[in-house]
>>> print(open('work-v4.pdb').read())   # PDB, C-alpha atoms
ATOM      1  CA  MET A  33    -160.378  -6.486 -56.409
ATOM      2  CA  LYS A  34    -164.142  -6.157 -56.939
ATOM      3  CA  SER A  35    -164.804  -5.535 -53.240
ATOM      4  CA  ASN A  36    -162.057  -2.912 -53.074
ATOM      5  CA  ARG A  37    -163.384  -1.198 -56.228
ATOM      6  CA  GLN A  38    -166.927  -1.146 -54.850
ATOM      7  CA  ASN A  39    -165.706   0.342 -51.566
ATOM      8  CA  VAL A  40    -163.944   3.066 -53.539
ATOM      9  CA  ILE A  41    -167.127   3.676 -55.555
ATOM     10  CA  CYS A  42    -169.065   4.177 -52.312
ATOM     11  CA  GLU A  43    -166.446   6.616 -51.082
ATOM     12  CA  LEU A  44    -166.507   8.541 -54.365
ATOM     13  CA  ILE A  45    -170.313   8.727 -54.239
ATOM     14  CA  ARG A  46    -170.167  10.106 -50.697
ATOM     15  CA  ARG A  47    -167.434  12.616 -51.483
ATOM     16  CA  TYR A  48    -168.444  13.929 -54.928
ATOM     17  CA  GLU A  49    -171.657  14.651 -56.785
ATOM     18  CA  VAL A  50    -171.162  11.927 -59.392
ATOM     19  CA  GLU A  51    -173.806  12.386 -62.080
ATOM     20  CA  THR A  52    -172.948   9.749 -64.705
ATOM     21  CA  GLN A  53    -171.346   6.350 -65.111
ATOM     22  CA  ASP A  54    -168.733   7.916 -67.378
ATOM     23  CA  GLU A  55    -167.794  10.359 -64.608
ATOM     24  CA  LEU A  56    -167.484   7.450 -62.185
ATOM     25  CA  VAL A  57    -165.288   5.531 -64.663
ATOM     26  CA  ALA A  58    -163.023   8.599 -64.990
ATOM     27  CA  LYS A  59    -162.701   9.024 -61.206
ATOM     28  CA  LEU A  60    -161.901   5.330 -60.766
ATOM     29  CA  GLU A  61    -159.258   5.530 -63.500
ATOM     30  CA  GLU A  62    -157.720   8.557 -61.729
ATOM     31  CA  MET A  63    -157.378   6.294 -58.692
ATOM     32  CA  GLY A  64    -155.629   3.575 -60.701
ATOM     33  CA  PHE A  65    -158.552   1.249 -61.472
ATOM     34  CA  LYS A  66    -158.863  -0.015 -65.042
ATOM     35  CA  VAL A  67    -162.629  -0.351 -65.538
ATOM     36  CA  THR A  68    -165.195  -0.235 -68.295
ATOM     37  CA  GLN A  69    -168.581   1.397 -68.253
ATOM     38  CA  ALA A  70    -170.132  -2.102 -68.213
ATOM     39  CA  THR A  71    -168.193  -3.006 -65.050
ATOM     40  CA  VAL A  72    -169.273   0.203 -63.351
ATOM     41  CA  SER A  73    -172.853  -0.429 -64.438
ATOM     42  CA  ARG A  74    -172.772  -3.861 -62.754
ATOM     43  CA  ASP A  75    -171.226  -2.353 -59.623
ATOM     44  CA  ILE A  76    -173.976   0.276 -59.493
ATOM     45  CA  ARG A  77    -176.630  -2.463 -59.666
ATOM     46  CA  GLU A  78    -174.913  -4.611 -57.031
ATOM     47  CA  LEU A  79    -174.473  -1.650 -54.696
ATOM     48  CA  HIS A  80    -178.136  -0.665 -55.239
ATOM     49  CA  LEU A  81    -177.142   2.908 -56.047
ATOM     50  CA  THR A  82    -179.934   5.244 -57.056
ATOM     51  CA  LYS A  83    -180.064   8.825 -58.271
ATOM     52  CA  ALA A  84    -181.349  11.730 -56.227
ATOM     53  CA  ALA A  85    -181.119  15.502 -56.169
ATOM     54  CA  GLY A  86    -177.980  16.637 -54.385
ATOM     55  CA  LYS A  87    -177.330  19.814 -52.426
ATOM     56  CA  ASN A  88    -177.177  21.971 -55.555
ATOM     57  CA  GLY A  89    -180.157  20.319 -57.233
ATOM     58  CA  VAL A  90    -177.842  18.177 -59.385
ATOM     59  CA  VAL A  91    -179.133  14.648 -59.931
ATOM     60  CA  ARG A  92    -176.395  12.332 -58.716
ATOM     61  CA  TYR A  93    -175.752   8.805 -57.526
ATOM     62  CA  VAL A  94    -176.497   8.099 -53.866
ATOM     63  CA  LEU A  95    -176.129   5.078 -51.628
ATOM     64  CA  PRO A  96    -179.224   3.174 -50.458
ATOM     65  CA  GLY A  97    -181.127   5.140 -47.833
ATOM     66  CA  GLU A  98    -179.439   8.469 -48.594
ATOM     67  CA  GLU A  99    -181.892   9.694 -51.196
ATOM     68  CA  THR A 100    -184.702  10.772 -48.859
ATOM     69  CA  ALA A 101    -182.614  13.008 -46.605
ATOM     70  CA  GLN A 102    -181.043  14.719 -49.591
ATOM     71  CA  GLN A 103    -184.251  15.337 -51.492
ATOM     72  CA  SER A 104    -186.297  16.987 -48.791
ATOM     73  CA  PRO A 105    -185.444  20.409 -47.350
ATOM     74  CA  VAL A 106    -188.164  19.802 -44.736
ATOM     75  CA  THR A 107    -186.388  16.637 -43.605
ATOM     76  CA  ALA A 108    -183.065  18.491 -43.434
ATOM     77  CA  ARG A 109    -184.640  21.192 -41.232
ATOM     78  CA  ARG A 110    -186.134  18.549 -38.944
ATOM     79  CA  PHE A 111    -182.782  16.803 -38.591
ATOM     80  CA  SER A 112    -181.136  20.153 -37.827
ATOM     81  CA  ARG A 113    -183.700  20.840 -35.128
ATOM     82  CA  VAL A 114    -183.146  17.398 -33.557
ATOM     83  CA  LEU A 115    -179.408  18.058 -33.554
ATOM     84  CA  GLN A 116    -179.824  21.469 -31.936
ATOM     85  CA  GLU A 117    -182.225  20.190 -29.286
ATOM     86  CA  GLY A 118    -180.300  17.059 -28.317
ATOM     87  CA  PHE A 119    -176.668  18.175 -28.592
ATOM     88  CA  VAL A 120    -174.683  18.805 -25.397
ATOM     89  CA  SER A 121    -170.988  18.693 -26.392
ATOM     90  CA  CYS A 122    -168.423  17.048 -28.626
ATOM     91  CA  SER A 123    -164.723  16.303 -28.500
ATOM     92  CA  VAL A 124    -162.132  14.511 -30.597
ATOM     93  CA  ALA A 125    -160.491  11.400 -29.153
ATOM     94  CA  GLY A 126    -157.978   9.987 -31.641
ATOM     95  CA  ASN A 127    -159.965   8.838 -34.656
ATOM     96  CA  LEU A 128    -163.296   9.201 -32.838
ATOM     97  CA  LEU A 129    -165.588  12.147 -32.436
ATOM     98  CA  VAL A 130    -167.417  11.718 -29.129
ATOM     99  CA  ILE A 131    -170.731  13.539 -28.939
ATOM    100  CA  ARG A 132    -172.698  13.874 -25.720
ATOM    101  CA  THR A 133    -176.464  14.383 -25.961
ATOM    102  CA  MET A 134    -179.433  14.860 -23.699
ATOM    103  CA  THR A 135    -180.411  11.568 -22.062
ATOM    104  CA  GLY A 136    -182.276   9.374 -24.528
ATOM    105  CA  MET A 137    -181.438  11.561 -27.538
ATOM    106  CA  ALA A 138    -178.280   9.896 -28.890
ATOM    107  CA  ASN A 139    -180.042   7.731 -31.496
ATOM    108  CA  ALA A 140    -182.058  10.660 -32.840
ATOM    109  CA  VAL A 141    -179.019  12.946 -32.953
ATOM    110  CA  ALA A 142    -176.936  10.203 -34.617
ATOM    111  CA  ALA A 143    -179.635   9.730 -37.273
ATOM    112  CA  SER A 144    -179.630  13.491 -37.778
ATOM    113  CA  LEU A 145    -175.862  13.584 -38.206
ATOM    114  CA  ASP A 146    -175.909  10.554 -40.526
ATOM    115  CA  SER A 147    -178.408  12.362 -42.758
ATOM    116  CA  PHE A 148    -175.833  15.040 -43.550
ATOM    117  CA  HIS A 149    -173.410  12.443 -45.009
ATOM    118  CA  PHE A 150    -170.241  14.126 -43.800
ATOM    119  CA  PRO A 151    -167.317  12.828 -45.881
ATOM    120  CA  GLU A 152    -165.097  12.871 -42.766
ATOM    121  CA  ALA A 153    -167.321  10.307 -41.018
ATOM    122  CA  VAL A 154    -166.807   6.619 -41.636
ATOM    123  CA  GLY A 155    -169.681   5.469 -39.408
ATOM    124  CA  SER A 156    -171.434   6.090 -36.123
ATOM    125  CA  ILE A 157    -172.702   4.212 -33.085
ATOM    126  CA  ALA A 158    -175.171   5.667 -30.590
ATOM    127  CA  GLY A 159    -175.991   4.721 -27.026
ATOM    128  CA  ASP A 160    -178.383   6.526 -24.685
ATOM    129  CA  ASP A 161    -176.549   9.833 -24.366
ATOM    130  CA  THR A 162    -173.300   9.293 -26.275
ATOM    131  CA  ILE A 163    -172.420   8.945 -29.963
ATOM    132  CA  PHE A 164    -169.109   7.677 -31.331
ATOM    133  CA  ILE A 165    -168.355   8.733 -34.888
ATOM    134  CA  ALA A 166    -165.383   6.990 -36.509
ATOM    135  CA  ILE A 167    -163.388   9.521 -38.498
ATOM    136  CA  ARG A 168    -160.530   9.190 -40.932
ATOM    137  CA  ASN A 169    -157.957  11.135 -38.893
ATOM    138  CA  ALA A 170    -157.626  13.732 -36.129
ATOM    139  CA  GLN A 171    -157.574  16.626 -38.610
ATOM    140  CA  ASP A 172    -160.900  15.453 -40.083
ATOM    141  CA  GLY A 173    -162.167  15.119 -36.517
ATOM    142  CA  GLU A 174    -161.478  18.762 -35.731
ATOM    143  CA  SER A 175    -163.091  19.815 -39.003
ATOM    144  CA  LEU A 176    -166.203  17.724 -38.347
ATOM    145  CA  LYS A 177    -166.385  18.917 -34.740
ATOM    146  CA  ASN A 178    -166.341  22.536 -35.934
ATOM    147  CA  GLN A 179    -168.996  21.865 -38.580
ATOM    148  CA  ILE A 180    -171.306  20.245 -36.042
ATOM    149  CA  GLN A 181    -170.787  23.020 -33.496
ATOM    150  CA  ASP A 182    -171.588  25.582 -36.203
ATOM    151  CA  MET A 183    -174.790  23.719 -37.034
ATOM    152  CA  VAL A 184    -175.825  23.691 -33.395
ATOM    153  CA  THR A 185    -175.248  27.412 -32.872
ATOM    154  CA  ASN A 186    -176.947  28.528 -36.113
TER     155      ASN A 186
END
>>> encode(input="work-v4.pdb", output="structure tokens")
Amino acid sequence: MKSNRQNVICELIRRYEVETQDELVAKLEEMGFKVTQATVSRDIRELHLTKAAGKNGVVRYVLPGEETAQQSPVTARRFSRVLQEGFVSCSVAGNLLVIRTMTGMANAVAASLDSFHFPEAVGSIAGDDTIFIAIRNAQDGESLKNQIQDMVTN
């Protein structure tokens, strides 16, 4: 139960700009969890959640390691540049998005993509010139593919 709840908390944090514990309690209750603010507080500590400025400047909960990419516009521009320079192509294969990069650029491009915290992406693995991004379903794959291609061309 606790593990499932904490996984849902992580998903909610990725998907929404959750600003307060009370907001998190309300979202969990909408999903059928009966929780108290004290329980959510413990989960936040155990998950090592922190607060950082989101896309709209709203201070919200973030997962460990996500705060730096979201706080710095300079970092976001650098990641965008890495993506544009290393990207070759992408295609959807079932519940995977397969991205081809310049030789030796897959890890840098994967780090760039991870920094954008796309809600469609479950996780990524990078080799030398190929990245596999696990996605929730084929529809999310097409959406993510289009978003990435837009980022590369802009």
>>> residues_around(input="work-v4.pdb", residues="A:Val184", least_positions_apart="6", cutoff="10 Å", atoms="all atoms listed in the file", output="PDB file with C-alpha atoms, keeping the file's coordinate frame")
ATOM      1  CA  SER A 112    -181.136  20.153 -37.827  1.00  0.00           C
ATOM      2  CA  ARG A 113    -183.700  20.840 -35.128  1.00  0.00           C
ATOM      3  CA  VAL A 114    -183.146  17.398 -33.557  1.00  0.00           C
ATOM      4  CA  LEU A 115    -179.408  18.058 -33.554  1.00  0.00           C
ATOM      5  CA  GLN A 116    -179.824  21.469 -31.936  1.00  0.00           C
ATOM      6  CA  GLU A 117    -182.225  20.190 -29.286  1.00  0.00           C
ATOM      7  CA  GLY A 118    -180.300  17.059 -28.317  1.00  0.00           C
ATOM      8  CA  PHE A 119    -176.668  18.175 -28.592  1.00  0.00           C
ATOM      9  CA  VAL A 120    -174.683  18.805 -25.397  1.00  0.00           C
ATOM     10  CA  SER A 121    -170.988  18.693 -26.392  1.00  0.00           C
ATOM     11  CA  ASN A 178    -166.341  22.536 -35.934  1.00  0.00           C
TER      12      ASN A 178
END
>>> residues_around(input="work-v4.pdb", residues="stretch 37-46 of chain A", least_positions_apart="5", cutoff="12 Å", atoms="all atoms listed in the file", output="count of residues only")
48
>>> closest_residue(input="work-v4.pdb", among="A:Thr68, A:Gln171, A:Gln179, A:Asn139", to="A:Ser156", atoms="only C-alpha atoms")
A:Asn139
>>> residues_around(input="work-v4.pdb", residues="A:Cys122", least_positions_apart="2", cutoff="7 Å", atoms="only C-alpha atoms", output="PyMOL selection string")
chain A and resi 129-132+177
>>> atom_distance(input="work-v4.pdb", atom1="atom CA of A:Ala125", atom2="atom CA of A:Arg47")
23.4 Å
>>> closest_residue(input="work-v4.pdb", among="A:Ile163, A:Ala170, A:Leu145, A:Met33", to="A:Thr133", atoms="all atoms listed in the file")
A:Ile163
>>> closest_residue(input="work-v4.pdb", among="A:Gln69, A:Val50, A:Leu128, A:Ala140", to="A:Gly173", atoms="only C-alpha atoms")
A:Leu128
>>> residues_near_point(input="work-v4.pdb", point="(-159.2, 6.3, -37.8)", cutoff="8 Å", atoms="only C-alpha atoms", output="PyMOL selection string")
chain A and resi 126-128+166-170
>>> closest_residue(input="work-v4.pdb", among="A:Ala142, A:Met137, A:Met183, A:Ile165", to="A:Ser123", atoms="only C-alpha atoms")
A:Ile165
>>> closest_residue(input="work-v4.pdb", among="A:Ala143, A:Lys34, A:Gly159, A:Met134", to="A:Phe111", atoms="all atoms listed in the file")
A:Ala143
>>> atom_distance(input="work-v4.pdb", atom1="atom CA of A:Val124", atom2="atom CA of A:Gly155")
14.7 Å
>>> axis_aligned_box(input="work-v4.pdb", around="stretch 46-53 of chain A", padding_each_side="5 Å", output="JSON")
{"center_x": -170.6, "center_y": 10.5, "center_z": -57.9, "size_x": 16.4, "size_y": 18.3, "size_z": 24.4}
>>> atom_distance(input="work-v4.pdb", atom1="atom CA of A:Ser144", atom2="atom CA of A:Arg110")
8.3 Å
>>> decode(input="work-v4.pdb", residues="stretch 56-68 of chain A", atoms="all heavy atoms", output="PDB file, in the first residue's frame")
ATOM      1  N   LEU A  56      -1.633  17.805  -2.388  1.00  0.00           N
ATOM      2  CA  LEU A  56      -1.249  16.417  -2.644  1.00  0.00           C
ATOM      3  C   LEU A  56      -2.237  15.453  -1.986  1.00  0.00           C
ATOM      4  O   LEU A  56      -2.650  14.459  -2.594  1.00  0.00           O
ATOM      5  CB  LEU A  56       0.178  16.165  -2.148  1.00  0.00           C
ATOM      6  CG  LEU A  56       0.851  14.878  -2.604  1.00  0.00           C
ATOM      7  CD1 LEU A  56       0.798  14.693  -4.110  1.00  0.00           C
ATOM      8  CD2 LEU A  56       2.297  14.871  -2.130  1.00  0.00           C
ATOM      9  N   VAL A  57      -2.654  15.757  -0.759  1.00  0.00           N
ATOM     10  CA  VAL A  57      -3.666  14.940  -0.070  1.00  0.00           C
ATOM     11  C   VAL A  57      -4.945  14.896  -0.916  1.00  0.00           C
ATOM     12  O   VAL A  57      -5.521  13.819  -1.136  1.00  0.00           O
ATOM     13  CB  VAL A  57      -3.963  15.487   1.351  1.00  0.00           C
ATOM     14  CG1 VAL A  57      -5.218  14.853   1.927  1.00  0.00           C
ATOM     15  CG2 VAL A  57      -2.773  15.264   2.268  1.00  0.00           C
ATOM     16  N   ALA A  58      -5.383  16.041  -1.412  1.00  0.00           N
ATOM     17  CA  ALA A  58      -6.617  16.110  -2.208  1.00  0.00           C
ATOM     18  C   ALA A  58      -6.494  15.278  -3.485  1.00  0.00           C
ATOM     19  O   ALA A  58      -7.423  14.541  -3.847  1.00  0.00           O
ATOM     20  CB  ALA A  58      -6.945  17.564  -2.547  1.00  0.00           C
ATOM     21  N   LYS A  59      -5.361  15.364  -4.172  1.00  0.00           N
ATOM     22  CA  LYS A  59      -5.170  14.595  -5.405  1.00  0.00           C
ATOM     23  C   LYS A  59      -5.144  13.099  -5.112  1.00  0.00           C
ATOM     24  O   LYS A  59      -5.690  12.303  -5.882  1.00  0.00           O
ATOM     25  CB  LYS A  59      -3.899  15.041  -6.116  1.00  0.00           C
ATOM     26  CG  LYS A  59      -4.034  16.407  -6.768  1.00  0.00           C
ATOM     27  CD  LYS A  59      -2.909  16.690  -7.715  1.00  0.00           C
ATOM     28  CE  LYS A  59      -3.054  18.037  -8.371  1.00  0.00           C
ATOM     29  NZ  LYS A  59      -4.238  18.205  -9.187  1.00  0.00           N
ATOM     30  N   LEU A  60      -4.503  12.713  -4.015  1.00  0.00           N
ATOM     31  CA  LEU A  60      -4.483  11.295  -3.640  1.00  0.00           C
ATOM     32  C   LEU A  60      -5.893  10.803  -3.314  1.00  0.00           C
ATOM     33  O   LEU A  60      -6.269   9.688  -3.705  1.00  0.00           O
ATOM     34  CB  LEU A  60      -3.546  11.064  -2.452  1.00  0.00           C
ATOM     35  CG  LEU A  60      -2.057  11.114  -2.770  1.00  0.00           C
ATOM     36  CD1 LEU A  60      -1.237  11.210  -1.491  1.00  0.00           C
ATOM     37  CD2 LEU A  60      -1.639   9.901  -3.577  1.00  0.00           C
ATOM     38  N   GLU A  61      -6.666  11.615  -2.609  1.00  0.00           N
ATOM     39  CA  GLU A  61      -8.037  11.232  -2.275  1.00  0.00           C
ATOM     40  C   GLU A  61      -8.885  11.092  -3.534  1.00  0.00           C
ATOM     41  O   GLU A  61      -9.718  10.186  -3.627  1.00  0.00           O
ATOM     42  CB  GLU A  61      -8.648  12.234  -1.295  1.00  0.00           C
ATOM     43  CG  GLU A  61      -8.078  12.080   0.099  1.00  0.00           C
ATOM     44  CD  GLU A  61      -8.591  13.106   1.097  1.00  0.00           C
ATOM     45  OE1 GLU A  61      -9.276  14.080   0.687  1.00  0.00           O
ATOM     46  OE2 GLU A  61      -8.305  12.934   2.296  1.00  0.00           O
ATOM     47  N   GLU A  62      -8.659  11.957  -4.537  1.00  0.00           N
ATOM     48  CA  GLU A  62      -9.360  11.842  -5.816  1.00  0.00           C
ATOM     49  C   GLU A  62      -9.062  10.502  -6.477  1.00  0.00           C
ATOM     50  O   GLU A  62      -9.888   9.974  -7.220  1.00  0.00           O
ATOM     51  CB  GLU A  62      -8.939  12.966  -6.773  1.00  0.00           C
ATOM     52  CG  GLU A  62      -9.482  14.324  -6.429  1.00  0.00           C
ATOM     53  CD  GLU A  62      -8.898  15.411  -7.320  1.00  0.00           C
ATOM     54  OE1 GLU A  62      -8.310  15.092  -8.384  1.00  0.00           O
ATOM     55  OE2 GLU A  62      -9.006  16.599  -6.945  1.00  0.00           O
ATOM     56  N   MET A  63      -7.881   9.961  -6.209  1.00  0.00           N
ATOM     57  CA  MET A  63      -7.472   8.690  -6.797  1.00  0.00           C
ATOM     58  C   MET A  63      -7.838   7.496  -5.912  1.00  0.00           C
ATOM     59  O   MET A  63      -7.431   6.374  -6.188  1.00  0.00           O
ATOM     60  CB  MET A  63      -5.978   8.723  -7.088  1.00  0.00           C
ATOM     61  CG  MET A  63      -5.613   9.798  -8.090  1.00  0.00           C
ATOM     62  SD  MET A  63      -3.897   9.742  -8.568  1.00  0.00           S
ATOM     63  CE  MET A  63      -3.920   8.289  -9.603  1.00  0.00           C
ATOM     64  N   GLY A  64      -8.566   7.747  -4.825  1.00  0.00           N
ATOM     65  CA  GLY A  64      -9.050   6.665  -3.987  1.00  0.00           C
ATOM     66  C   GLY A  64      -8.210   6.334  -2.767  1.00  0.00           C
ATOM     67  O   GLY A  64      -8.512   5.383  -2.052  1.00  0.00           O
ATOM     68  N   PHE A  65      -7.150   7.092  -2.514  1.00  0.00           N
ATOM     69  CA  PHE A  65      -6.320   6.862  -1.330  1.00  0.00           C
ATOM     70  C   PHE A  65      -6.898   7.635  -0.151  1.00  0.00           C
ATOM     71  O   PHE A  65      -7.244   8.799  -0.288  1.00  0.00           O
ATOM     72  CB  PHE A  65      -4.878   7.327  -1.573  1.00  0.00           C
ATOM     73  CG  PHE A  65      -4.120   6.479  -2.549  1.00  0.00           C
ATOM     74  CD1 PHE A  65      -4.119   6.789  -3.903  1.00  0.00           C
ATOM     75  CD2 PHE A  65      -3.400   5.380  -2.120  1.00  0.00           C
ATOM     76  CE1 PHE A  65      -3.421   6.019  -4.813  1.00  0.00           C
ATOM     77  CE2 PHE A  65      -2.696   4.603  -3.014  1.00  0.00           C
ATOM     78  CZ  PHE A  65      -2.717   4.923  -4.369  1.00  0.00           C
ATOM     79  N   LYS A  66      -6.989   6.987   0.985  1.00  0.00           N
ATOM     80  CA  LYS A  66      -7.415   7.668   2.218  1.00  0.00           C
ATOM     81  C   LYS A  66      -6.142   7.963   2.999  1.00  0.00           C
ATOM     82  O   LYS A  66      -5.520   7.052   3.558  1.00  0.00           O
ATOM     83  CB  LYS A  66      -8.355   6.782   3.015  1.00  0.00           C
ATOM     84  CG  LYS A  66      -9.644   6.504   2.270  1.00  0.00           C
ATOM     85  CD  LYS A  66     -10.768   6.181   3.203  1.00  0.00           C
ATOM     86  CE  LYS A  66     -11.983   5.804   2.428  1.00  0.00           C
ATOM     87  NZ  LYS A  66     -12.836   6.893   2.093  1.00  0.00           N
ATOM     88  N   VAL A  67      -5.727   9.238   2.992  1.00  0.00           N
ATOM     89  CA  VAL A  67      -4.470   9.638   3.628  1.00  0.00           C
ATOM     90  C   VAL A  67      -4.680  10.878   4.482  1.00  0.00           C
ATOM     91  O   VAL A  67      -5.628  11.636   4.283  1.00  0.00           O
ATOM     92  CB  VAL A  67      -3.373   9.935   2.583  1.00  0.00           C
ATOM     93  CG1 VAL A  67      -2.977   8.690   1.819  1.00  0.00           C
ATOM     94  CG2 VAL A  67      -3.797  11.024   1.624  1.00  0.00           C
ATOM     95  N   THR A  68      -3.751  11.068   5.396  1.00  0.00           N
ATOM     96  CA  THR A  68      -3.745  12.288   6.208  1.00  0.00           C
ATOM     97  C   THR A  68      -2.556  13.138   5.774  1.00  0.00           C
ATOM     98  O   THR A  68      -1.640  12.658   5.095  1.00  0.00           O
ATOM     99  CB  THR A  68      -3.602  11.955   7.700  1.00  0.00           C
ATOM    100  OG1 THR A  68      -2.328  11.336   7.903  1.00  0.00           O
ATOM    101  CG2 THR A  68      -4.718  11.034   8.174  1.00  0.00           C
TER     102      THR A  68
END
